[in-house]
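These notes are about the structure you will find just below.
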Amino acid sequence: MKQQALNPYLPSWEYIPDGEPHVFGDRVYVYGSHDRFNAPIFCVNDYVCWSAPVEDLSDWRLEGVIFRKNQDPKNKLGLRLLFAPDVCQGPDGRYYLYYAFDFMGVMGVAVCDTPAGQYQFLGHVHYPDGTVWGRRKGDQFPFDPGVLADDDGRIWLYSGFYIPTPAIVTGGKQLRNDGGVVVELEQDMMTIKAEPKLLFPKEGPGSFPNHEFFEASSIRKDGDTYLFVYSSRHNHELCYATSKRPDGGFVFGGTLVSQGDLFLEGNEDERQAKNYLGNTHGGLLHIGDDWYIFYHRQTNRHSYSRQACAEKLERNPDGSFRQAEVTSCGLNGGPLKGLGRYEARIACNLWSKDGVGRYDGKNPRKELAAHPYFTQSGKDREENGDQYIANMRDCSVAGFKYFQMGEASRIAVEVRGSGAGTVEVSDTPDFGRLCACIPVKPEGRVQTADAPLQIEPGKRALYFRFRGEGAVDFIAFKLET
């Protein structure tokens with residue numbers, strides 16, 4: 001690879017949630033929503049696409065804007081928001097983009113001759129009589145499209161959303177939201193061939209206990225097996241189910257990834273989560289013998305500035321996937337180098353002395369005001385950012401996994417703020433073994449402080465804990481010989 005691959009894998013200034021990775025030709029293309037830093041709501045920006053060579057998942061390139069909100073005739077003023085999309089290559093060789101405007105209850109389709117060109121509005125998913133899906137009373141609510149152009153030429157569109165109430169009123173119609181559904185489309189990629197079929201009930205018989213469907217439909221095919229990925233009612237995890245048919249018979253497979261590593265090693269206590277929780281959405285990527293799960297994390301103390309992450313998956317002998325651990329080196333193919341400067345923004349674990357919390361609304365709970373969080377200065381921008389961890393108070397911890405240690409003998413931290421105390425470094429989350437103690441003092445500007453590092457060689461995590469008064473912003477750290 002040209003460089004090391006980090007998590008988040010896109011530049012610090014980019015906020016792409018809901019990422020769906022697809023291989024077209026010799027490149028991986030990621031299609032997602034597009035958040036704006038510090039926005040008051042989800043998905044304020046237009047769709048952009050990022051791509052990378054299949055042989056180098058560190059080398060991401062911005063392809064530019066591929067579809068604008070106001071291209072859809074139902075949104076000429078651009079007031080509705082483009083939520084999670086998906087793309088497939090149709091039987092005609094063209095590329096089809098499926099999207100839903102926030103909670104409008106309508107699913108649109110755009111088309112392009114290339115994977116990351118300028119998509120043009122094609123139409124809305126509709127019934128044979130021309131009625132738009134979502135405009136009949138009792139329709140299942142169109143939301144979060146996942147699309148598969150099967151190798152037999154059939155087109156399958158997946159959708160669904162969970163809220164406790166049995167119906168949603170939109171467009172003057174009362175729509176169902178019973179869970180995840182599938183519809184088969186005609187070869188025109190828009191016309192529904194048969195009535196939507198409920199595959200993943202949000203509750204009751206046929207649902208997956210403790211991992212019931214919530215949203216984020218995503219579909220892949222591996223040989224003769226269909227792999228359906230979704231976000232469960234826990235919101236912070238992506239799960240999967242498998243079947244030999246695209247329209248039924250799915251069996252729960254397990255959790256693929258959780259933002260806070262919940263359900264990993266039996267931990268189901270959100271108070272013991274390893275990072276702050278919120279919604280997530282993503283899909284599977286298959287390259288050669290390797291599988292990856294793409295997902296997103298929250299920043300800035302809310303759910304409206306989310307960033308794209310990915311982890312490599314391991315498979316069991318029976319073909320099932322093991323849950324991935326969240327890391328700082330997801331697409332790197334192994335640990336990061338144990339020398340050099342690393343920005344604090346690549347932390348995969350973050351918590352306060354009181355643990356973590358959820359970012360589930362516009363205004364987080366008041367108790368989260370004293371917690372650390374990822375943020376940046378300034379406005380949303382497409383240039384080198386200065387993302388960092390803000391508000392590290394007494395006993396706040398930032399964790400980074402993993403590094404190949406063996407050469408570094410000193411460690412330095414770059415911090416700023418009113419805090420006075422010590423930054424402790426350990427290779428265990430309980431700080432049972434201290435590797436360094438770095439004194440810091442109050443400074444309005446960025447200060448660099450260092451100390452000797454004593455750590456065993458090999459694959460190691462690094463955890464940084466601030467102990468003291470006030471708060472510091474954690475900018476970066478450096479491993480030195």
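Simple scheme: letters A, B, ... for chains in structure tokens order, numbers from 1 for residues in each chain, numbers from 1 for ligands in the order shown.
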
Which residues come within 10 Å of segment 158-173 of chain A, counting only C-alpha atoms, excluding same-chain residues fewer than 3 positions away, as a PDB file with C-alpha atoms, in the first residue's frame?
```
ATOM      1  CA  ALA A 100     -34.992   7.792  -0.150  1.00  0.00           C
ATOM      2  CA  PHE A 103     -39.091  10.427   5.868  1.00  0.00           C
ATOM      3  CA  MET A 104     -40.967  11.339   2.679  1.00  0.00           C
ATOM      4  CA  GLY A 105     -41.867   7.686   2.096  1.00  0.00           C
ATOM      5  CA  VAL A 106     -40.795   7.622  -1.548  1.00  0.00           C
ATOM      6  CA  MET A 107     -37.852   5.811  -3.159  1.00  0.00           C
ATOM      7  CA  GLY A 134     -45.446   4.749  -0.534  1.00  0.00           C
ATOM      8  CA  ARG A 135     -48.469   6.549  -1.934  1.00  0.00           C
ATOM      9  CA  ARG A 136     -50.997   3.816  -1.249  1.00  0.00           C
ATOM     10  CA  LYS A 137     -52.553   3.603   2.189  1.00  0.00           C
ATOM     11  CA  GLY A 138     -51.089   0.596   3.984  1.00  0.00           C
ATOM     12  CA  ASP A 139     -47.877   0.469   1.938  1.00  0.00           C
ATOM     13  CA  GLN A 140     -44.749  -0.618   3.746  1.00  0.00           C
ATOM     14  CA  PHE A 141     -42.710   2.541   4.390  1.00  0.00           C
ATOM     15  CA  PRO A 142     -39.921   2.863   1.748  1.00  0.00           C
ATOM     16  CA  PHE A 143     -36.656   3.522   3.583  1.00  0.00           C
ATOM     17  CA  ASP A 144     -32.940   2.637   3.394  1.00  0.00           C
ATOM     18  CA  PRO A 145     -32.733   0.829   0.042  1.00  0.00           C
ATOM     19  CA  GLY A 146     -30.459  -2.159  -0.437  1.00  0.00           C
ATOM     20  CA  VAL A 147     -30.365  -3.484  -3.992  1.00  0.00           C
ATOM     21  CA  LEU A 148     -29.072  -6.651  -5.648  1.00  0.00           C
ATOM     22  CA  ARG A 176     -46.902   0.330   7.617  1.00  0.00           C
ATOM     23  CA  ASN A 177     -43.491  -0.148   9.202  1.00  0.00           C
ATOM     24  CA  ASP A 178     -43.554  -3.828  10.104  1.00  0.00           C
ATOM     25  CA  GLY A 179     -39.825  -4.378   9.533  1.00  0.00           C
ATOM     26  CA  GLY A 180     -37.599  -5.335   6.616  1.00  0.00           C
ATOM     27  CA  VAL A 181     -39.250  -6.073   3.274  1.00  0.00           C
ATOM     28  CA  VAL A 182     -38.200  -7.150  -0.216  1.00  0.00           C
ATOM     29  CA  VAL A 183     -39.678  -6.343  -3.622  1.00  0.00           C
ATOM     30  CA  GLU A 184     -38.690  -7.744  -6.990  1.00  0.00           C
ATOM     31  CA  PRO A 196     -43.661  -6.123  -1.063  1.00  0.00           C
ATOM     32  CA  LYS A 197     -42.956  -9.140   1.133  1.00  0.00           C
ATOM     33  CA  LEU A 198     -42.110  -8.899   4.854  1.00  0.00           C
ATOM     34  CA  LEU A 199     -38.855 -10.766   5.511  1.00  0.00           C
ATOM     35  CA  PHE A 200     -37.646  -9.414   8.844  1.00  0.00           C
ATOM     36  CA  PRO A 201     -40.433  -8.639  11.324  1.00  0.00           C
ATOM     37  CA  LYS A 202     -39.471  -6.014  13.876  1.00  0.00           C
ATOM     38  CA  GLU A 203     -41.076  -8.094  16.611  1.00  0.00           C
ATOM     39  CA  GLU A 212     -34.589  -7.554  15.829  1.00  0.00           C
ATOM     40  CA  PHE A 213     -34.485  -5.608  12.564  1.00  0.00           C
ATOM     41  CA  PHE A 214     -34.324  -1.816  12.882  1.00  0.00           C
ATOM     42  CA  GLU A 215     -33.094  -0.319   9.571  1.00  0.00           C
ATOM     43  CA  ALA A 216     -30.063  -0.227   7.208  1.00  0.00           C
ATOM     44  CA  SER A 217     -30.892  -3.002   4.727  1.00  0.00           C
ATOM     45  CA  SER A 218     -27.836  -4.204   2.790  1.00  0.00           C
ATOM     46  CA  ILE A 219     -27.588  -7.279   0.579  1.00  0.00           C
ATOM     47  CA  PHE A 228     -28.371  -9.668   4.467  1.00  0.00           C
ATOM     48  CA  TYR A 230     -28.927  -4.725   8.917  1.00  0.00           C
ATOM     49  CA  SER A 231     -28.897  -2.526  12.000  1.00  0.00           C
ATOM     50  CA  SER A 232     -30.706  -4.074  14.949  1.00  0.00           C
ATOM     51  CA  ARG A 233     -32.970  -2.407  17.489  1.00  0.00           C
ATOM     52  CA  PRO A 246     -33.257 -13.822  -1.922  1.00  0.00           C
ATOM     53  CA  ASP A 247     -36.891 -13.557  -0.829  1.00  0.00           C
TER      54      ASP A 247
END
```

Among segment 86-150 of chain A, which ones does DSSP place in strand (DSSP E or B), written as a PDB file with N, CA and C atoms, in the first residue's frame?
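In the end it all went to states-v2.pdb:
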```
ATOM      1  N   ASP A  86     -27.986   3.103  -2.116  1.00  0.00           N
ATOM      2  CA  ASP A  86     -27.261   1.922  -2.566  1.00  0.00           C
ATOM      3  C   ASP A  86     -27.203   1.966  -4.088  1.00  0.00           C
ATOM      4  N   VAL A  87     -26.251   1.201  -4.649  1.00  0.00           N
ATOM      5  CA  VAL A  87     -26.010   1.209  -6.093  1.00  0.00           C
ATOM      6  C   VAL A  87     -25.827  -0.226  -6.566  1.00  0.00           C
ATOM      7  N   CYS A  88     -26.311  -0.518  -7.766  1.00  0.00           N
ATOM      8  CA  CYS A  88     -26.008  -1.797  -8.414  1.00  0.00           C
ATOM      9  C   CYS A  88     -25.812  -1.554  -9.903  1.00  0.00           C
ATOM     10  N   GLN A  89     -25.164  -2.502 -10.542  1.00  0.00           N
ATOM     11  CA  GLN A  89     -25.030  -2.459 -11.995  1.00  0.00           C
ATOM     12  C   GLN A  89     -26.159  -3.279 -12.590  1.00  0.00           C
ATOM     13  N   TYR A  95     -25.360   1.870 -14.228  1.00  0.00           N
ATOM     14  CA  TYR A  95     -25.327   1.865 -12.769  1.00  0.00           C
ATOM     15  C   TYR A  95     -26.548   2.607 -12.231  1.00  0.00           C
ATOM     16  N   TYR A  96     -27.225   1.984 -11.265  1.00  0.00           N
ATOM     17  CA  TYR A  96     -28.486   2.504 -10.753  1.00  0.00           C
ATOM     18  C   TYR A  96     -28.335   2.860  -9.275  1.00  0.00           C
ATOM     19  N   LEU A  97     -28.669   4.099  -8.967  1.00  0.00           N
ATOM     20  CA  LEU A  97     -28.582   4.640  -7.610  1.00  0.00           C
ATOM     21  C   LEU A  97     -29.987   4.699  -7.013  1.00  0.00           C
ATOM     22  N   TYR A  98     -30.171   4.049  -5.872  1.00  0.00           N
ATOM     23  CA  TYR A  98     -31.465   4.047  -5.172  1.00  0.00           C
ATOM     24  C   TYR A  98     -31.342   4.887  -3.910  1.00  0.00           C
ATOM     25  N   TYR A  99     -32.337   5.703  -3.640  1.00  0.00           N
ATOM     26  CA  TYR A  99     -32.274   6.617  -2.506  1.00  0.00           C
ATOM     27  C   TYR A  99     -33.676   6.889  -1.983  1.00  0.00           C
ATOM     28  N   ALA A 100     -33.730   7.352  -0.755  1.00  0.00           N
ATOM     29  CA  ALA A 100     -34.992   7.792  -0.150  1.00  0.00           C
ATOM     30  C   ALA A 100     -34.759   9.142   0.505  1.00  0.00           C
ATOM     31  N   PHE A 101     -35.671  10.074   0.281  1.00  0.00           N
ATOM     32  CA  PHE A 101     -35.594  11.383   0.934  1.00  0.00           C
ATOM     33  C   PHE A 101     -36.112  11.267   2.365  1.00  0.00           C
ATOM     34  N   MET A 107     -39.178   6.260  -2.779  1.00  0.00           N
ATOM     35  CA  MET A 107     -37.852   5.811  -3.159  1.00  0.00           C
ATOM     36  C   MET A 107     -37.560   6.196  -4.591  1.00  0.00           C
ATOM     37  N   GLY A 108     -36.439   6.902  -4.797  1.00  0.00           N
ATOM     38  CA  GLY A 108     -36.070   7.366  -6.119  1.00  0.00           C
ATOM     39  C   GLY A 108     -34.970   6.532  -6.735  1.00  0.00           C
ATOM     40  N   VAL A 109     -34.818   6.676  -8.058  1.00  0.00           N
ATOM     41  CA  VAL A 109     -33.795   5.950  -8.810  1.00  0.00           C
ATOM     42  C   VAL A 109     -33.125   6.934  -9.756  1.00  0.00           C
ATOM     43  N   ALA A 110     -31.792   6.884  -9.795  1.00  0.00           N
ATOM     44  CA  ALA A 110     -31.015   7.662 -10.756  1.00  0.00           C
ATOM     45  C   ALA A 110     -30.076   6.711 -11.480  1.00  0.00           C
ATOM     46  N   VAL A 111     -29.587   7.100 -12.652  1.00  0.00           N
ATOM     47  CA  VAL A 111     -28.804   6.190 -13.481  1.00  0.00           C
ATOM     48  C   VAL A 111     -27.597   6.910 -14.065  1.00  0.00           C
ATOM     49  N   CYS A 112     -26.530   6.119 -14.293  1.00  0.00           N
ATOM     50  CA  CYS A 112     -25.298   6.678 -14.840  1.00  0.00           C
ATOM     51  C   CYS A 112     -24.586   5.596 -15.648  1.00  0.00           C
ATOM     52  N   GLN A 120     -28.236  10.724 -13.256  1.00  0.00           N
ATOM     53  CA  GLN A 120     -29.389  11.483 -13.708  1.00  0.00           C
ATOM     54  C   GLN A 120     -30.669  10.843 -13.177  1.00  0.00           C
ATOM     55  N   PHE A 121     -31.596  11.668 -12.765  1.00  0.00           N
ATOM     56  CA  PHE A 121     -32.866  11.169 -12.235  1.00  0.00           C
ATOM     57  C   PHE A 121     -33.572  10.316 -13.285  1.00  0.00           C
ATOM     58  N   LEU A 122     -34.042   9.137 -12.846  1.00  0.00           N
ATOM     59  CA  LEU A 122     -34.748   8.231 -13.741  1.00  0.00           C
ATOM     60  C   LEU A 122     -36.223   8.142 -13.415  1.00  0.00           C
ATOM     61  N   GLY A 123     -36.547   8.032 -12.132  1.00  0.00           N
ATOM     62  CA  GLY A 123     -37.944   7.919 -11.728  1.00  0.00           C
ATOM     63  C   GLY A 123     -38.056   7.460 -10.298  1.00  0.00           C
ATOM     64  N   HIS A 124     -39.270   7.071  -9.897  1.00  0.00           N
ATOM     65  CA  HIS A 124     -39.518   6.569  -8.555  1.00  0.00           C
ATOM     66  C   HIS A 124     -40.003   5.126  -8.627  1.00  0.00           C
ATOM     67  N   HIS A 126     -42.305   2.210  -8.378  1.00  0.00           N
ATOM     68  CA  HIS A 126     -43.761   2.303  -8.492  1.00  0.00           C
ATOM     69  C   HIS A 126     -44.374   0.953  -8.835  1.00  0.00           C
ATOM     70  N   VAL A 132     -46.841   5.431  -7.213  1.00  0.00           N
ATOM     71  CA  VAL A 132     -45.535   5.421  -6.556  1.00  0.00           C
ATOM     72  C   VAL A 132     -45.615   4.626  -5.261  1.00  0.00           C
ATOM     73  N   GLN A 140     -45.899  -0.583   2.864  1.00  0.00           N
ATOM     74  CA  GLN A 140     -44.749  -0.618   3.746  1.00  0.00           C
ATOM     75  C   GLN A 140     -43.894   0.628   3.450  1.00  0.00           C
ATOM     76  N   GLY A 146     -31.579  -1.267  -0.161  1.00  0.00           N
ATOM     77  CA  GLY A 146     -30.459  -2.159  -0.437  1.00  0.00           C
ATOM     78  C   GLY A 146     -30.828  -2.913  -1.690  1.00  0.00           C
ATOM     79  N   VAL A 147     -29.957  -2.944  -2.696  1.00  0.00           N
ATOM     80  CA  VAL A 147     -30.365  -3.484  -3.992  1.00  0.00           C
ATOM     81  C   VAL A 147     -29.366  -4.531  -4.473  1.00  0.00           C
ATOM     82  N   LEU A 148     -29.893  -5.577  -5.103  1.00  0.00           N
ATOM     83  CA  LEU A 148     -29.072  -6.651  -5.648  1.00  0.00           C
ATOM     84  C   LEU A 148     -29.536  -6.973  -7.060  1.00  0.00           C
ATOM     85  N   ALA A 149     -28.608  -6.859  -8.009  1.00  0.00           N
ATOM     86  CA  ALA A 149     -28.837  -7.375  -9.355  1.00  0.00           C
ATOM     87  C   ALA A 149     -28.277  -8.783  -9.367  1.00  0.00           C
TER      88      ALA A 149
END
```

Nearby residues (only C-alpha atoms) at most 6 Å from segment 443-447 of chain A, same-chain spacing under 2 positions excluded, as a compact mmCIF listing (two decimals) with N, CA and C atoms, in the first residue's frame:
```
# COMPACT_ATOMS: atom_id res chain seq x y z
N GLU A 414 0.64 15.44 22.16
CA GLU A 414 0.34 16.84 21.84
C GLU A 414 -1.04 17.16 22.40
N VAL A 415 -1.09 18.09 23.36
CA VAL A 415 -2.33 18.45 24.03
C VAL A 415 -2.41 19.96 24.18
N ARG A 416 -3.60 20.44 24.51
CA ARG A 416 -3.77 21.85 24.85
C ARG A 416 -4.95 21.95 25.80
N GLY A 417 -5.06 23.10 26.47
CA GLY A 417 -6.20 23.32 27.34
C GLY A 417 -5.80 23.69 28.76
```

Extract the full set of helix (DSSP H, G or I) residues from segment 296-467 of chain A according to DSSP on the backbone, and format it as a ChimeraX atom specification. /A:344-346,366-370

Ranking A:Leu62, A:Ala408, A:Cys43, A:Ala116 by minimum distance to Ala84 of chain A and counting only C-alpha atoms, which one comes first? A:Cys43

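Relative to atom CA of His22 of chain A, atom CA of Leu285 of chain A is found at 6.6 Å.
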
Where does segment 292-358 of chain A meet segment 256-259 of chain A within 8 Å, residue by residue, with the nearest atom pair and distance in Å to one decimal for each, counting only C-alpha atoms, listed by chain and rising number, as JSON lines?
```
{"residue": "A:Ile293", "atom": "CA", "partner": "A:Leu256", "partner_atom": "CA", "distance": 7.1}
{"residue": "A:His296", "atom": "CA", "partner": "A:Gln259", "partner_atom": "CA", "distance": 7.9}
{"residue": "A:Arg297", "atom": "CA", "partner": "A:Gln259", "partner_atom": "CA", "distance": 6.7}
{"residue": "A:Leu313", "atom": "CA", "partner": "A:Leu256", "partner_atom": "CA", "distance": 7.8}
{"residue": "A:Phe321", "atom": "CA", "partner": "A:Leu256", "partner_atom": "CA", "distance": 7.0}
{"residue": "A:Arg322", "atom": "CA", "partner": "A:Leu256", "partner_atom": "CA", "distance": 6.7}
{"residue": "A:Gln323", "atom": "CA", "partner": "A:Leu256", "partner_atom": "CA", "distance": 4.5}
{"residue": "A:Ala324", "atom": "CA", "partner": "A:Val257", "partner_atom": "CA", "distance": 5.2}
{"residue": "A:Glu325", "atom": "CA", "partner": "A:Val257", "partner_atom": "CA", "distance": 6.8}
{"residue": "A:Val326", "atom": "CA", "partner": "A:Gln259", "partner_atom": "CA", "distance": 6.8}
```

Selection above as a file: C-alpha atoms, as a PDB file, in the first residue's frame:
```pdb
ATOM      1  CA  ILE A 293     -17.622  -4.768   7.215  1.00  0.00           C
ATOM      2  CA  HIS A 296     -19.846   4.525  10.821  1.00  0.00           C
ATOM      3  CA  ARG A 297     -19.076   6.250  14.108  1.00  0.00           C
ATOM      4  CA  LEU A 313     -13.791  -9.963   9.208  1.00  0.00           C
ATOM      5  CA  PHE A 321     -18.493 -14.588  10.430  1.00  0.00           C
ATOM      6  CA  ARG A 322     -16.907 -13.757  13.758  1.00  0.00           C
ATOM      7  CA  GLN A 323     -17.741 -10.380  15.252  1.00  0.00           C
ATOM      8  CA  ALA A 324     -15.061  -7.827  14.391  1.00  0.00           C
ATOM      9  CA  GLU A 325     -13.386  -5.744  17.065  1.00  0.00           C
ATOM     10  CA  VAL A 326     -13.357  -2.000  16.395  1.00  0.00           C
TER      11      VAL A 326
END
```

Could you produce a table of the residues of segment 107-131 of chain A lying within 6 Å of segment 63-71 of chain A, with the nearest pair of atoms per residue and their separation in Å rounded to one decimal, using only C-alpha atoms, ordered by chain and increasing residue number, as a tab-separated table?
```
residue	atom	partner	partner_atom	distance
A:Gly117	CA	A:Ile66	CA	5.9
A:Gln118	CA	A:Ile66	CA	4.7
A:Tyr119	CA	A:Phe67	CA	5.6
```

Take the selection from the previous step and output its residues with C-alpha atoms, as a CSV table (one decimal), in the first residue's frame.
```csv
chain,number,residue,atom,x,y,z
A,117,GLY,CA,-20.2,9.9,-12.8
A,118,GLN,CA,-23.1,12.3,-12.8
A,119,TYR,CA,-26.2,10.3,-12.0
```

Restricting to only C-alpha atoms, whichever of A:Ala308, A:Ala5, A:Ile455, A:Ala273 is closest to Asn332 of chain A is A:Ala5

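The list of residues with at least one atom within 9 Å of Thr375 of chain A, based on only C-alpha atoms and without residues fewer than 5 positions apart in the same chain, reads Phe37, Asn38, Thr299, Asn300, Arg301, Arg345, Asp386, Gln387, Tyr388, Ile389 and Ala390 of chain A.
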
Dump of C-alpha atoms for the selected residues, as a tab-separated table (two decimals), in the first residue's frame:
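Saved as result20.tsv:
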```tsv
chain	number	residue	atom	x	y	z
A	37	PHE	CA	-19.92	18.86	10.30
A	38	ASN	CA	-21.92	20.32	13.20
A	299	THR	CA	-18.52	12.63	16.40
A	300	ASN	CA	-19.14	16.08	17.87
A	301	ARG	CA	-21.50	14.83	20.63
A	345	ARG	CA	-8.83	11.20	15.94
A	386	ASP	CA	-7.61	19.45	12.56
A	387	GLN	CA	-9.84	16.83	14.10
A	388	TYR	CA	-9.01	15.92	17.69
A	389	ILE	CA	-10.45	14.55	20.94
A	390	ALA	CA	-11.88	17.36	23.06
```

Excluding Lys401 of chain A and its own-chain neighbours fewer than 6 positions away, which residues fall within 8 Å of it when counting only C-alpha atoms? Please give them as a PyMOL selection string. chain A and resi 327-329+335+347-348+460-462

Please dump the current selection as a short mmCIF file (atom, residue, chain, number, x, y, z; two decimals), in the first residue's frame; keep C-alpha atoms.
```
data_model
loop_
_atom_site.label_atom_id
_atom_site.label_comp_id
_atom_site.auth_asym_id
_atom_site.auth_seq_id
_atom_site.Cartn_x
_atom_site.Cartn_y
_atom_site.Cartn_z
CA THR A 327 -9.81 -0.87 15.70
CA SER A 328 -7.70 2.04 14.50
CA CYS A 329 -6.20 -0.07 11.70
CA PRO A 335 -1.13 -3.53 13.07
CA ALA A 347 -8.95 6.37 18.55
CA CYS A 348 -11.28 3.38 18.38
CA ARG A 460 -0.05 -3.98 21.30
CA ALA A 461 -2.88 -1.58 22.05
CA LEU A 462 -2.19 1.87 23.47
#
```

When you look at Asp18 of chain A with a cut-off of 7 Å (counting only C-alpha atoms), what residues show up, excluding the ones that are within fewer than 5 positions of it in the same chain? I need them as a PDB file with C-alpha atoms, in the first residue's frame.
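Wrote selection.pdb, looks like this:
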```pdb
ATOM      1  CA  GLY A  32     -23.114   6.763   1.471  1.00  0.00           C
ATOM      2  CA  SER A  33     -25.105   9.607   2.883  1.00  0.00           C
ATOM      3  CA  ALA A  84     -28.736   6.171   2.899  1.00  0.00           C
ATOM      4  CA  THR A 280     -24.779   2.774  12.368  1.00  0.00           C
ATOM      5  CA  HIS A 281     -25.227   1.481   8.827  1.00  0.00           C
ATOM      6  CA  GLY A 282     -22.954  -0.222   6.321  1.00  0.00           C
ATOM      7  CA  TYR A 295     -19.929   1.024   9.326  1.00  0.00           C
ATOM      8  CA  HIS A 296     -19.846   4.525  10.821  1.00  0.00           C
TER       9      HIS A 296
END
```

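Remark: for Gly338 of chain A, the closest of the candidate residues A:Arg306, A:Arg315, A:Arg36, A:Lys459 is A:Lys459 (distances computed over only C-alpha atoms).
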
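The shortest atom-to-atom distance to Gly468 of chain A, with only C-alpha atoms taken into account, belongs to A:Gly419 out of A:Gly432, A:Pro115, A:Gly419, A:Pro11.
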
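In this comparison, which uses only C-alpha atoms, the residue of A:Gly223, A:Gly19, A:Gly25, A:Gly340 approaching Glu55 of chain A most closely is A:Gly25.
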
Interatomic distance between atom CA of Pro209 of chain A and atom CA of Trp351 of chain A? 28.6 Å

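Proximity ranking of A:Ile41, A:Leu185, A:Gln404, A:Leu238 relative to Leu284 of chain A places A:Leu238 first, based on only C-alpha atoms.
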